[in-house]
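Have a look at work26.pdb; it's PDB, C-alpha atoms:
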```pdb
ATOM      1  CA  GLY Q   1      86.805 109.247  99.104
ATOM      2  CA  ASP Q   2      87.096 106.475  96.504
ATOM      3  CA  PHE Q   3      83.426 105.522  96.126
ATOM      4  CA  LEU Q   4      82.152 109.088  95.823
ATOM      5  CA  ARG Q   5      85.037 110.111  93.595
ATOM      6  CA  GLN Q   6      84.097 107.340  91.149
ATOM      7  CA  LYS Q   7      80.297 107.668  91.359
ATOM      8  CA  ALA Q   8      79.451 111.344  91.915
ATOM      9  CA  LEU Q   9      79.412 113.359  88.698
ATOM     10  CA  LYS Q  10      79.829 117.123  88.393
ATOM     11  CA  ASP Q  11      76.062 117.805  88.277
ATOM     12  CA  ASP Q  12      75.280 115.506  91.226
ATOM     13  CA  GLU Q  13      74.367 116.448  94.773
ATOM     14  CA  VAL Q  14      75.802 114.318  97.588
ATOM     15  CA  ILE Q  15      74.608 113.935 101.184
ATOM     16  CA  ILE Q  16      76.945 112.379 103.754
ATOM     17  CA  TYR Q  17      75.364 111.596 107.115
ATOM     18  CA  TYR Q  18      77.316 110.710 110.248
ATOM     19  CA  ALA Q  19      75.883 109.967 113.689
ATOM     20  CA  GLY Q  20      78.285 108.993 116.429
ATOM     21  CA  HIS Q  21      80.998 110.302 118.663
ATOM     22  CA  GLY Q  22      83.407 113.101 118.003
ATOM     23  CA  THR Q  23      86.310 114.296 120.095
ATOM     24  CA  THR Q  24      89.473 116.339 120.108
ATOM     25  CA  GLU Q  25      93.012 115.617 121.244
ATOM     26  CA  PRO Q  26      95.999 117.891 121.847
ATOM     27  CA  ASP Q  27      97.962 118.439 118.628
ATOM     28  CA  ALA Q  28     100.235 121.460 118.206
ATOM     29  CA  SER Q  29      99.977 121.186 114.398
ATOM     30  CA  ALA Q  30      96.166 121.498 114.394
ATOM     31  CA  GLU Q  31      94.055 124.667 114.371
ATOM     32  CA  GLY Q  32      93.744 125.889 117.958
ATOM     33  CA  GLY Q  33      96.119 123.155 119.154
ATOM     34  CA  LEU Q  34      93.357 120.529 119.053
ATOM     35  CA  ALA Q  35      92.860 117.900 116.362
ATOM     36  CA  LYS Q  36      89.183 117.121 115.734
ATOM     37  CA  TYR Q  37      88.028 113.574 114.990
ATOM     38  CA  LEU Q  38      84.931 111.658 114.032
ATOM     39  CA  VAL Q  39      85.097 108.498 116.122
ATOM     40  CA  PRO Q  40      83.573 105.391 114.494
ATOM     41  CA  TRP Q  41      82.513 102.429 116.642
ATOM     42  CA  ASP Q  42      85.774 100.566 116.004
ATOM     43  CA  ALA Q  43      88.156 103.451 116.749
ATOM     44  CA  ASP Q  44      90.633 103.145 119.604
ATOM     45  CA  PRO Q  45      90.219 106.156 121.952
ATOM     46  CA  ASP Q  46      93.914 105.854 122.846
ATOM     47  CA  LYS Q  47      95.006 105.901 119.179
ATOM     48  CA  LEU Q  48      92.751 108.475 117.536
ATOM     49  CA  PHE Q  49      95.265 109.540 114.883
ATOM     50  CA  SER Q  50      95.443 106.043 113.401
ATOM     51  CA  SER Q  51      91.913 104.781 114.064
ATOM     52  CA  ALA Q  52      89.501 107.733 113.918
ATOM     53  CA  ILE Q  53      88.645 110.085 111.040
ATOM     54  CA  PRO Q  54      90.395 113.460 111.265
ATOM     55  CA  MET Q  55      88.240 116.384 110.141
ATOM     56  CA  GLU Q  56      91.100 117.321 107.800
ATOM     57  CA  GLU Q  57      90.347 114.049 105.997
ATOM     58  CA  VAL Q  58      86.755 115.193 105.490
ATOM     59  CA  ASP Q  59      88.174 118.247 103.718
ATOM     60  CA  ARG Q  60      90.228 115.931 101.467
ATOM     61  CA  VAL Q  61      87.112 113.865 100.668
ATOM     62  CA  PHE Q  62      85.250 117.061  99.743
ATOM     63  CA  GLY Q  63      88.118 117.994  97.426
ATOM     64  CA  ARG Q  64      88.117 114.592  95.690
ATOM     65  CA  VAL Q  65      84.407 114.622  94.835
ATOM     66  CA  ALA Q  66      83.303 116.327  91.619
ATOM     67  CA  ALA Q  67      79.680 116.845  92.723
ATOM     68  CA  ARG Q  68      78.424 120.417  92.477
ATOM     69  CA  LYS Q  69      76.926 120.236  95.969
ATOM     70  CA  ILE Q  70      77.952 118.239  99.026
ATOM     71  CA  LEU Q  71      76.114 118.289 102.332
ATOM     72  CA  LEU Q  72      77.686 116.757 105.437
ATOM     73  CA  ILE Q  73      75.155 116.173 108.231
ATOM     74  CA  GLN Q  74      76.806 115.454 111.595
ATOM     75  CA  ASP Q  75      74.943 114.238 114.657
ATOM     76  CA  THR Q  76      78.086 114.463 116.735
ATOM     77  CA  CYS Q  77      80.020 116.991 118.764
ATOM     78  CA  PHE Q  78      83.608 117.805 119.676
ATOM     79  CA  SER Q  79      83.013 119.595 122.972
ATOM     80  CA  GLY Q  80      84.324 116.893 125.300
ATOM     81  CA  GLY Q  81      81.395 117.508 127.630
ATOM     82  CA  ALA Q  82      79.847 114.764 129.713
ATOM     83  CA  GLY Q  83      77.517 112.378 127.893
ATOM     84  CA  GLY Q  84      75.925 112.784 124.498
ATOM     85  CA  ARG Q  85      77.896 112.116 121.329
ATOM     86  CA  THR Q  86      81.350 113.064 122.544
ATOM     87  CA  PHE Q  87      84.013 112.046 125.054
ATOM     88  CA  LEU Q  88      87.217 113.457 126.456
ATOM     89  CA  ALA Q  89      90.388 112.127 124.914
ATOM     90  CA  ARG Q  90      93.397 111.389 127.105
ATOM     91  CA  GLY Q  91      95.177 114.528 128.291
ATOM     92  CA  LEU Q  92      92.172 116.865 128.081
ATOM     93  CA  THR Q  93      89.915 118.460 130.622
ATOM     94  CA  THR Q  94      86.652 120.199 129.843
ATOM     95  CA  ARG Q  95      88.428 123.515 130.471
ATOM     96  CA  SER Q  96      90.995 122.737 127.756
ATOM     97  CA  THR Q  97      88.475 121.952 125.033
ATOM     98  CA  THR Q  98      87.009 125.375 124.215
ATOM     99  CA  LEU Q  99      86.764 125.344 120.435
ATOM    100  CA  THR Q 100      86.099 127.796 117.670
ATOM    101  CA  ASP Q 101      84.011 126.847 114.650
ATOM    102  CA  ARG Q 102      86.703 128.064 112.252
ATOM    103  CA  PHE Q 103      87.530 124.528 111.110
ATOM    104  CA  LEU Q 104      83.872 123.973 110.104
ATOM    105  CA  GLN Q 105      83.685 127.375 108.431
ATOM    106  CA  GLU Q 106      86.796 126.571 106.395
ATOM    107  CA  LEU Q 107      85.454 123.145 105.365
ATOM    108  CA  SER Q 108      82.336 124.754 103.937
ATOM    109  CA  GLN Q 109      83.947 127.727 102.161
ATOM    110  CA  LYS Q 110      84.199 126.142  98.733
ATOM    111  CA  GLY Q 111      81.104 126.701  96.604
ATOM    112  CA  GLY Q 112      78.364 124.139  97.139
ATOM    113  CA  ARG Q 113      79.852 122.691 100.345
ATOM    114  CA  MET Q 114      77.524 122.651 103.361
ATOM    115  CA  ILE Q 115      77.824 121.260 106.872
ATOM    116  CA  LEU Q 116      74.806 120.862 109.133
ATOM    117  CA  THR Q 117      75.803 120.044 112.707
ATOM    118  CA  ALA Q 118      73.732 118.851 115.652
ATOM    119  CA  SER Q 119      75.098 121.545 117.965
ATOM    120  CA  ASP Q 120      77.466 124.441 118.355
ATOM    121  CA  VAL Q 121      81.091 123.292 118.662
ATOM    122  CA  ASN Q 122      81.136 123.840 122.432
ATOM    123  CA  GLN Q 123      77.805 122.147 123.128
ATOM    124  CA  VAL Q 124      77.059 118.483 123.769
ATOM    125  CA  SER Q 125      74.812 116.756 121.221
ATOM    126  CA  GLN Q 126      72.168 115.164 123.415
ATOM    127  CA  GLU Q 127      70.967 111.571 123.217
ATOM    128  CA  ASP Q 128      67.532 110.453 124.364
ATOM    129  CA  PRO Q 129      67.096 106.668 124.661
ATOM    130  CA  ALA Q 130      63.308 107.111 124.560
ATOM    131  CA  LEU Q 131      63.600 108.519 121.026
ATOM    132  CA  GLY Q 132      65.864 105.749 119.706
ATOM    133  CA  HIS Q 133      68.184 108.434 118.270
ATOM    134  CA  GLY Q 134      70.039 111.530 119.251
ATOM    135  CA  ILE Q 135      67.657 114.476 119.591
ATOM    136  CA  PHE Q 136      69.045 116.036 116.392
ATOM    137  CA  THR Q 137      68.495 112.896 114.290
ATOM    138  CA  TYR Q 138      64.997 112.391 115.670
ATOM    139  CA  VAL Q 139      63.990 115.974 114.847
ATOM    140  CA  LEU Q 140      65.702 115.806 111.437
ATOM    141  CA  LEU Q 141      63.705 112.695 110.482
ATOM    142  CA  GLU Q 142      60.503 114.342 111.735
ATOM    143  CA  GLY Q 143      61.290 117.420 109.661
ATOM    144  CA  LEU Q 144      62.100 115.487 106.477
ATOM    145  CA  LYS Q 145      58.692 113.785 106.679
ATOM    146  CA  GLY Q 146      57.183 117.221 106.011
ATOM    147  CA  ALA Q 147      57.294 119.311 109.178
ATOM    148  CA  ALA Q 148      60.319 121.303 107.937
ATOM    149  CA  ASP Q 149      58.533 122.497 104.770
ATOM    150  CA  LEU Q 150      58.287 125.967 106.271
ATOM    151  CA  ASP Q 151      57.007 127.723 103.145
ATOM    152  CA  GLY Q 152      54.597 124.927 102.151
ATOM    153  CA  ASP Q 153      55.931 124.571  98.599
ATOM    154  CA  GLY Q 154      56.357 120.788  98.785
ATOM    155  CA  ALA Q 155      60.167 120.950  98.979
ATOM    156  CA  ILE Q 156      62.418 120.965 102.053
ATOM    157  CA  THR Q 157      65.730 122.725 101.559
ATOM    158  CA  VAL Q 158      68.834 122.602 103.728
ATOM    159  CA  ARG Q 159      68.064 126.113 104.989
ATOM    160  CA  GLU Q 160      64.470 125.176 105.890
ATOM    161  CA  ALA Q 161      65.665 122.030 107.654
ATOM    162  CA  HIS Q 162      68.208 124.097 109.580
ATOM    163  CA  LEU Q 163      65.610 126.642 110.727
ATOM    164  CA  TYR Q 164      63.269 123.834 111.784
ATOM    165  CA  LEU Q 165      66.079 121.985 113.579
ATOM    166  CA  GLN Q 166      67.259 125.100 115.399
ATOM    167  CA  ARG Q 167      63.825 125.707 116.865
ATOM    168  CA  LYS Q 168      62.813 122.112 117.630
ATOM    169  CA  VAL Q 169      66.167 120.778 118.885
ATOM    170  CA  HIS Q 170      66.605 123.860 121.055
ATOM    171  CA  GLU Q 171      63.140 123.241 122.571
ATOM    172  CA  ARG Q 172      63.577 119.468 123.027
ATOM    173  CA  SER Q 173      67.046 119.845 124.571
ATOM    174  CA  ARG Q 174      65.775 122.549 126.930
ATOM    175  CA  GLY Q 175      68.055 125.139 125.371
ATOM    176  CA  VAL Q 176      71.389 123.341 125.676
ATOM    177  CA  GLN Q 177      71.788 122.300 122.018
ATOM    178  CA  THR Q 178      71.492 124.474 118.920
ATOM    179  CA  PRO Q 179      72.146 123.037 115.424
ATOM    180  CA  GLN Q 180      74.449 125.062 113.165
ATOM    181  CA  LEU Q 181      74.695 125.441 109.380
ATOM    182  CA  TYR Q 182      77.957 126.280 107.652
ATOM    183  CA  ASN Q 183      77.496 126.835 103.962
ATOM    184  CA  ILE Q 184      77.554 128.665 100.701
ATOM    185  CA  GLY Q 185      74.352 127.876  98.838
ATOM    186  CA  ASP Q 186      71.375 125.623  99.415
ATOM    187  CA  MET Q 187      69.844 122.448  98.010
ATOM    188  CA  VAL Q 188      66.581 120.516  98.136
ATOM    189  CA  LEU Q 189      66.653 117.580 100.556
ATOM    190  CA  VAL Q 190      63.114 116.271 100.011
ATOM    191  CA  ARG Q 191      60.482 117.035  97.406
ATOM    192  CA  LYS Q 192      56.917 115.747  97.652
ATOM    193  CA  PRO Q 193      56.041 113.680  94.600
ATOM    194  CA  ASN Q 194      53.496 115.223  92.212
ATOM    195  CA  ARG Q 195      50.133 113.618  92.563
TER     196      ARG Q 195
END
```

As structure tokens, how would this structure be written, given the file I've shared?
Amino acid sequence: GDFLRQKALKDDEVIIYYAGHGTTEPDASAEGGLAKYLVPWDADPDKLFSSAIPMEEVDRVFGRVAARKILLIQDTCFSGGAGGRTFLARGLTTRSTTLTDRFLQELSQKGGRMILTASDVNQVSQEDPALGHGIFTYVLLEGLKGAADLDGDGAITVREAHLYLQRKVHERSRGVQTPQLYNIGDMVLVRKPNR
């Protein structure tokens, strides 16, 4: 919030990438009665409010940055399912964690704000130790090297990356993980240099 506020100018485009755990915890004041958190490596699972990053804080960061476009890429999930990039917080069961994507839709409603997620909110973002990454990150890196240039124009946009990710992640995860894009607008992620 401070660094980007000071460095990103109004004509800039910003990409924020997060790979790690996400979770929810019961909170009557939160949308759907569940607070959603990004959980960094040093967070305390028993004290999420004070040690993790609430998704409401992501909204505040978006609001503090003057850049015309901001893309948040999340290789994480909030489903509370077994394994992957999530865990169940104290007091939850898998039956109590059915989520809607309204909080992600609201985060991306301001012009130029986009969120690309590794999975639907009720899916588990899969990890594959053989890949050295989560499946989403592995496929994203593969796509940014050129495979996601679906129209062959030398540029890979967020929308192209999303279409590529949906197909490839869905295949590699055997249909249990489908990346989602919440946005208004588009932006170029990679452009091949002119030769």

**OP:** Determine the residue set returned by the PyMOL selection byres ((chain Q and resi 136-153) around 7) for the present structure, and present it as a list of chain:residue names.
**Re:** Q:Asp75, Q:Ala118, Q:Leu131, Q:His133, Q:Gly134, Q:Ile135, Q:Gly154, Q:Ala155, Q:Ile156, Q:Glu160, Q:Ala161, Q:Tyr164, Q:Leu165, Q:Lys168, Q:Val169, Q:Val190

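Put simply, the PyMOL selection byres ((chain Q and resi 114) around 6) in this file takes in Leu71, Ser108, Arg113, Ile115, Tyr182 and Asn183 of chain Q.
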
**OP:** Name the residues that the PyMOL selection byres ((chain Q and resi 112) around 10) pulls out of this structure, and write them as a PyMOL selection string.
**Re:** chain Q and resi 13+67-71+108-111+113-114+183-187

Original post:
Which residue gives the smallest distance to Arg102 (chain Q) among Q:Leu4, Q:Val121, Q:Val176, Q:Ala66, with all atoms listed in the file counted?
Top reply: Q:Val121

**OP:** Name all residues at most 9 Å from Arg60 (chain Q) (count only C-alpha atoms; drop same-chain ones fewer than 5 positions away) and give them as a ChimeraX atom specification.
**Re:** /Q:1,55,65

Original post:
Once you count all atoms listed in the file, which residues end up no further than 8 Å from (68.8, 122.9, 120.6) in the file's frame, shown as a VMD selection string?
Top reply: chain Q and resid 119 165 to 179
